[in-house]
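Since the structure comes first, as structure tokens, the remarks are kept for the end.
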Amino acid sequence: MCLAIPGKIKSIESQYDGLVRIAKVSFGGIIKEASLEMVPHAKVEDYVLVHVGVAISVVDEDEARKTFQYLKEMGEVEEELNISEMLPDDI
């Protein structure tokens, strides 16, 4: 199943002579890159929903935290971020 996972933008860089904006996004401490092409107004410290490496919307912090927690409880976060081997057994 593919889901959009909420994360917090930690940094943004421009690539290809400024044509593409890529963010480093933190998902509960796991950092992944995401394209900001669908959310050109997104900035550092914003929370975004990321689906297959693309930020698809900006969300408020409370909504992001609730969604991340629900997905974590369902076990979906590990699968979507491919991090299950990095997590302790008790999660």
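By order of appearance in the structure tokens: chains A, B, ..., then residues from 1 within every chain, and ligands from 1 in the order shown.
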Picked from chain A by DSSP as helix (DSSP H, G or I), as a ChimeraX atom specification: /A:61-74,76-81,84-86
A:Asp62 environment, 10 Å, only C-alpha atoms, sequence neighbours closer than 5 positions dropped, as a PyMOL selection string: chain A and resi 47+67-68
What's the separation between atom CA of A:Ile5 and atom CA of A:Asp46, in Å to one decimal place?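 Between these atoms lies a distance of 13.7 Å.
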Just the residues within 10 Å of A:Leu49, please, counting only C-alpha atoms, with nothing from its chain fewer than 3 positions along; format it as a list of chain:residue names.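 Listed by chain and then number, they are A:Leu3, A:Ala4, A:Ile5, A:Pro6, A:Gly7, A:Lys8, A:Val25, A:Ala34, A:Gly53, A:Val54, A:Ala55, A:Ile56, A:Ser57, A:Val58, A:Val59, A:Ala64, A:Thr67, A:Phe68.
The shell of residues at most 9 Å from A:Glu45, with only C-alpha atoms counted and near chain neighbours (fewer than 4 positions) removed, consists of Lys8, Ile9, Lys10 and Ser11 of chain A.
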Would you compute the distance between atom CA of A:Met74 and atom CA of A:Lys24? Give it in Å to one decimal.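 Computed distance, atom CA of A:Met74 to atom CA of A:Lys24, equals 24.6 Å.
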Length of the atom CA of A:Tyr70 to atom CA of A:Gly29 vector [Å]: 16.5 Å
Might you pull out every residue within 12 Å of A:Gln15, with only C-alpha atoms counted and same-chain residues fewer than 6 positions away left off, and present them as an MDAnalysis selection string? chainID A and resid 21:23 35:37
Keeping only all heavy atoms, write those residues as an mmCIF file, in the first residue's frame.
```
data_model
loop_
_atom_site.group_PDB
_atom_site.id
_atom_site.type_symbol
_atom_site.label_atom_id
_atom_site.label_comp_id
_atom_site.auth_asym_id
_atom_site.auth_seq_id
_atom_site.Cartn_x
_atom_site.Cartn_y
_atom_site.Cartn_z
ATOM 1 N N ARG A 21 13.424 22.009 -6.799
ATOM 2 C CA ARG A 21 13.667 22.179 -5.354
ATOM 3 C C ARG A 21 13.497 20.829 -4.672
ATOM 4 O O ARG A 21 12.466 20.176 -4.819
ATOM 5 C CB ARG A 21 12.677 23.179 -4.758
ATOM 6 C CG ARG A 21 12.891 24.585 -5.257
ATOM 7 C CD ARG A 21 11.812 25.537 -4.750
ATOM 8 N NE ARG A 21 11.913 25.715 -3.319
ATOM 9 C CZ ARG A 21 10.871 25.715 -2.480
ATOM 10 N NH1 ARG A 21 9.648 25.564 -2.927
ATOM 11 N NH2 ARG A 21 11.044 25.883 -1.193
ATOM 12 N N ILE A 22 14.533 20.451 -3.921
ATOM 13 C CA ILE A 22 14.530 19.188 -3.181
ATOM 14 C C ILE A 22 14.686 19.504 -1.701
ATOM 15 O O ILE A 22 15.550 20.290 -1.311
ATOM 16 C CB ILE A 22 15.685 18.270 -3.640
ATOM 17 C CG1 ILE A 22 15.570 17.935 -5.122
ATOM 18 C CG2 ILE A 22 15.752 17.000 -2.789
ATOM 19 C CD1 ILE A 22 14.391 17.067 -5.487
ATOM 20 N N ALA A 23 13.850 18.870 -0.879
ATOM 21 C CA ALA A 23 13.913 19.078 0.569
ATOM 22 C C ALA A 23 14.457 17.836 1.254
ATOM 23 O O ALA A 23 14.226 16.717 0.797
ATOM 24 C CB ALA A 23 12.526 19.385 1.113
ATOM 25 N N SER A 35 10.818 15.850 -3.435
ATOM 26 C CA SER A 35 10.642 16.946 -4.377
ATOM 27 C C SER A 35 9.574 17.907 -3.857
ATOM 28 O O SER A 35 8.569 17.488 -3.295
ATOM 29 C CB SER A 35 10.183 16.389 -5.727
ATOM 30 O OG SER A 35 9.726 17.431 -6.566
ATOM 31 N N LEU A 36 9.794 19.195 -4.068
ATOM 32 C CA LEU A 36 8.818 20.218 -3.652
ATOM 33 C C LEU A 36 8.076 20.822 -4.849
ATOM 34 O O LEU A 36 7.469 21.879 -4.730
ATOM 35 C CB LEU A 36 9.525 21.332 -2.870
ATOM 36 C CG LEU A 36 10.179 20.906 -1.562
ATOM 37 C CD1 LEU A 36 10.885 22.090 -0.916
ATOM 38 C CD2 LEU A 36 9.153 20.322 -0.609
ATOM 39 N N GLU A 37 8.113 20.152 -5.982
ATOM 40 C CA GLU A 37 7.498 20.711 -7.191
ATOM 41 C C GLU A 37 5.995 20.935 -7.058
ATOM 42 O O GLU A 37 5.451 21.852 -7.655
ATOM 43 C CB GLU A 37 7.790 19.817 -8.394
ATOM 44 C CG GLU A 37 9.274 19.746 -8.731
ATOM 45 C CD GLU A 37 9.909 21.124 -8.861
ATOM 46 O OE1 GLU A 37 9.502 21.899 -9.741
ATOM 47 O OE2 GLU A 37 10.816 21.421 -8.061
#
```
Running DSSP on the backbone, which parts of chain A land in strand (DSSP E or B), as an MDAnalysis selection string? chainID A and resid 5:15 20:27 30:35 47:51 54:59
